[in-house]
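S.K.: Quick one: the structure is below, questions incoming.
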Amino acid sequence: MSERKPLRRRRGTRAFVLAATLGLLAVVYAGFAPATRSLAENTEQITQGKDLFATNCASCHGLGGEGLAEEGVPALTNVGAAAVEFQVSTGRMPAPNTVSQPVPRENTFTADEVAAMAAYVASLGTGPGIPNEDQYLPSGLTAEEIAEGGELFRTNCSACHNFKGSGGALPNGVTAPNLQETSPQHVWEAMRTGPGQMPVFASGAIPDADVKKIVAYLEQVNAQPSAGFNLGGLGPVSEGLWAWIAGIGVLVLFAIWITTKGARA
Amino acid sequence: MSELDVRDAATPPEPAATPVPDPGLEEHVERYTDVDDRASRATYRQIVAMLGAVPVLVVAFVVVYFAVPISAEFALFGTTWKAQHVLLGGTVGLAILLIGMALIQWARLVMSDVEMSEERHPAQTGPEARAVLAADTKAGVEESGIKRRALIGSGVAGGLGLLVVPALLALGDLGPWPTDAVRAKTIEKTIWAEGIRLVNDVNYLPLKASELVVGQLVNAEPENLQALHGSEYQIAKAKAAIIVVRMDPNSIRIPDSRKDWQVDGILCYSKICTHVGCPISLWEQQSHHLLCPCHQSTFDLGNSGVVVFGPAARSLPQLPITTDADGYLVARSDFTVPVGPSFFERDSSKDFKDGDN
């Protein structure tokens, strides 16, 4: 009896250690597991997304998302969920035609419907997923980091979107949109998926930490007050237009007044 | 005898010779201010009032300068305005405008407006005056002794002429003479060389070929740029800046001579426009066109960077790249042609032309 006691105690300890480890694993798994949906729920969401896709997207993109290259309609087989979230929730898609650039309009889908379509398109292949907030929302950045965001913005983005993110004109009637109203999530998604003519800015060159700096720079630039009319914040083009039309117009009026003859003439 | 009295009696042209007869002076109409005393006094008061407002505005400027805080704002026309800026500009601007308007009113309504005509006299000096000048000059030369002591004149001319030498020698320091050897070491060379990694601009992350996706654009620099500082850094960066793009190899044309300049559709070009040297990164991923914002020169990166639109005359130089043992993108050599805008001595025979293979 006296010899078995320690053994039993050891067994009890072992059982406790095993249970504790399993419990800890469960807690860790719950903390790290991204999706709480079961497989059945996911399948159901993809099925719902497939139905929505068939009614709203397939007329141009094809039932399997294969696209229509001769019409310039891209294949959606490897664009990922982020592209769908960006295009649909900003109201760019469904586009009214395949000719002109899709512009932001009112999004008539619910968040669940967008998520379902995104899940379906994501199931067609690879591509960036919908990001978490900690991938794009900047917090607690130092002034140096925000300044570096400005440097990254001016190097990579300002060629099309202007130094303040006010957007600009591109060839063939295409425009780069104004970024002052664009949400940080959509900035992230646009950089990772490259909508339309915009190139992809993937994480290999610009990691999420740098996207946050860029978002913080945009937020800071937009928060700065502008005294008087900023004339679109487009730089010399719009300022020059006003200088020529309004400024020189007033000078012309003065010249007319100076050269009119005095009384009775 | 004064010059004014010496005039050639040039005869005016015959009236019949002019296509339009001389209409003479317009009939003079007197202004209200000339005939109406009340109007005259009203104009006078107007001008004095405008000039009298100027000191008031200047005092207001000084008061605003010290009294209005720089942060004060007000809202008008749907935007905010800095009170101090608007008031400082408004007061001094209005003061200058009032001075100008008062002067104009003075000239228009108070000064005499009777038109007068004055006949021109010939511009040439009279013959007598010219004869006097010639005689004076001749006498002066005689008195200076330069005719008898001729070496003084030669010495002055030679001495002054030789002073050009120090000036020319100093001007030579403005820069090296652009001989072939000097150009090959400066404007025809960048810090790219075999094995130098391509890194993203600003954050200097090395680029792994497997991490670049189709449609991606990277504004990149050579890794050895980090070691440079100051003007050396600026000069190196201005020439070595590149853009790296990845395109679907089936959607682009790669000539046989450049088959091994790229890695699975990852191509690398100079970022400096061949027109006047603006940095370009406006790339359209669907059309593969790269547009320069300065003068709209457009290059087709899917066709070895040939010009498809705009004033640029030469293709964008392509940098031959490959991958190193770790899969990172590295240069295979420097650019094969000088990057950036044209210069007089540039040999443009090696540039890629559309249709080359």
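Numbering starts fresh at 1 for the residues of each chain in the structure tokens, the chains themselves are lettered A, B, ... in the order given, and ligands are numbered from 1 as they appear.
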What residues in chain A lie within 7 Å of chain B, counting only C-alpha atoms, written as number ranges by chain?
M.R.: A: 151-152, 155-156, 159-160, 197-202, 204-205, 227-229, 258, 262-264
S.K.: So which bits of stretch 147-196 of chain A end up strand (DSSP E) when you DSSP the backbone, as a list in words?
M.R.: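 DSSP on the backbone gives strand (DSSP E) at Gly168, Ala169, Thr175 and Ala176 of chain A.
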S.K.: Give me, please, the distance in Å between atom CA of B:Pro338 and atom CA of B:Asp248, quoted to one decimal.
M.R.: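 Result for atom CA of B:Pro338 versus atom CA of B:Asp248: 27.9 Å, one decimal.
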S.K.: With distances taken over only C-alpha atoms, which of B:Gly155, B:Pro341, B:Pro249, B:Pro23 is nearest to B:Val276?
M.R.: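 Residue with the minimum atom-to-atom distance to B:Val276: B:Pro341.
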S.K.: Near A:Asn107, within 8 Å and counting only C-alpha atoms, which residues show up once chain neighbours fewer than 4 positions away are dropped, as an MDAnalysis selection string?
M.R.: chainID A and resid 88:91
S.K.: Could the residues in this selection be written to a file with C-alpha atoms, as a PDB file, in the first residue's frame?
M.R.:
ATOM      1  CA  VAL A  88     -18.745  46.217 -54.001  1.00  0.00           C
ATOM      2  CA  SER A  89     -18.784  48.117 -50.725  1.00  0.00           C
ATOM      3  CA  THR A  90     -17.542  51.324 -52.411  1.00  0.00           C
ATOM      4  CA  GLY A  91     -20.356  50.900 -54.960  1.00  0.00           C
TER       5      GLY A  91
END
S.K.: Leaving out A:Thr193 and any residue of its chain fewer than 3 positions from it, which residues lie within 8 Å of it when counting only C-alpha atoms, given as a ChimeraX atom specification?
M.R.: /A:79,82-83,128,189-190,200-201
S.K.: Give me the residues within 7 Å of A:Tyr136 as a ChimeraX atom specification, counting only C-alpha atoms and dropping any in the same chain fewer than 6 places off.
M.R.: /A:184-185,188,208,211-212
S.K.: Just give me the gap between atom CA of A:Glu41 and atom CA of A:Ala58 in Å, one decimal is fine.
M.R.: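 Between these atoms lies a distance of 23.5 Å.
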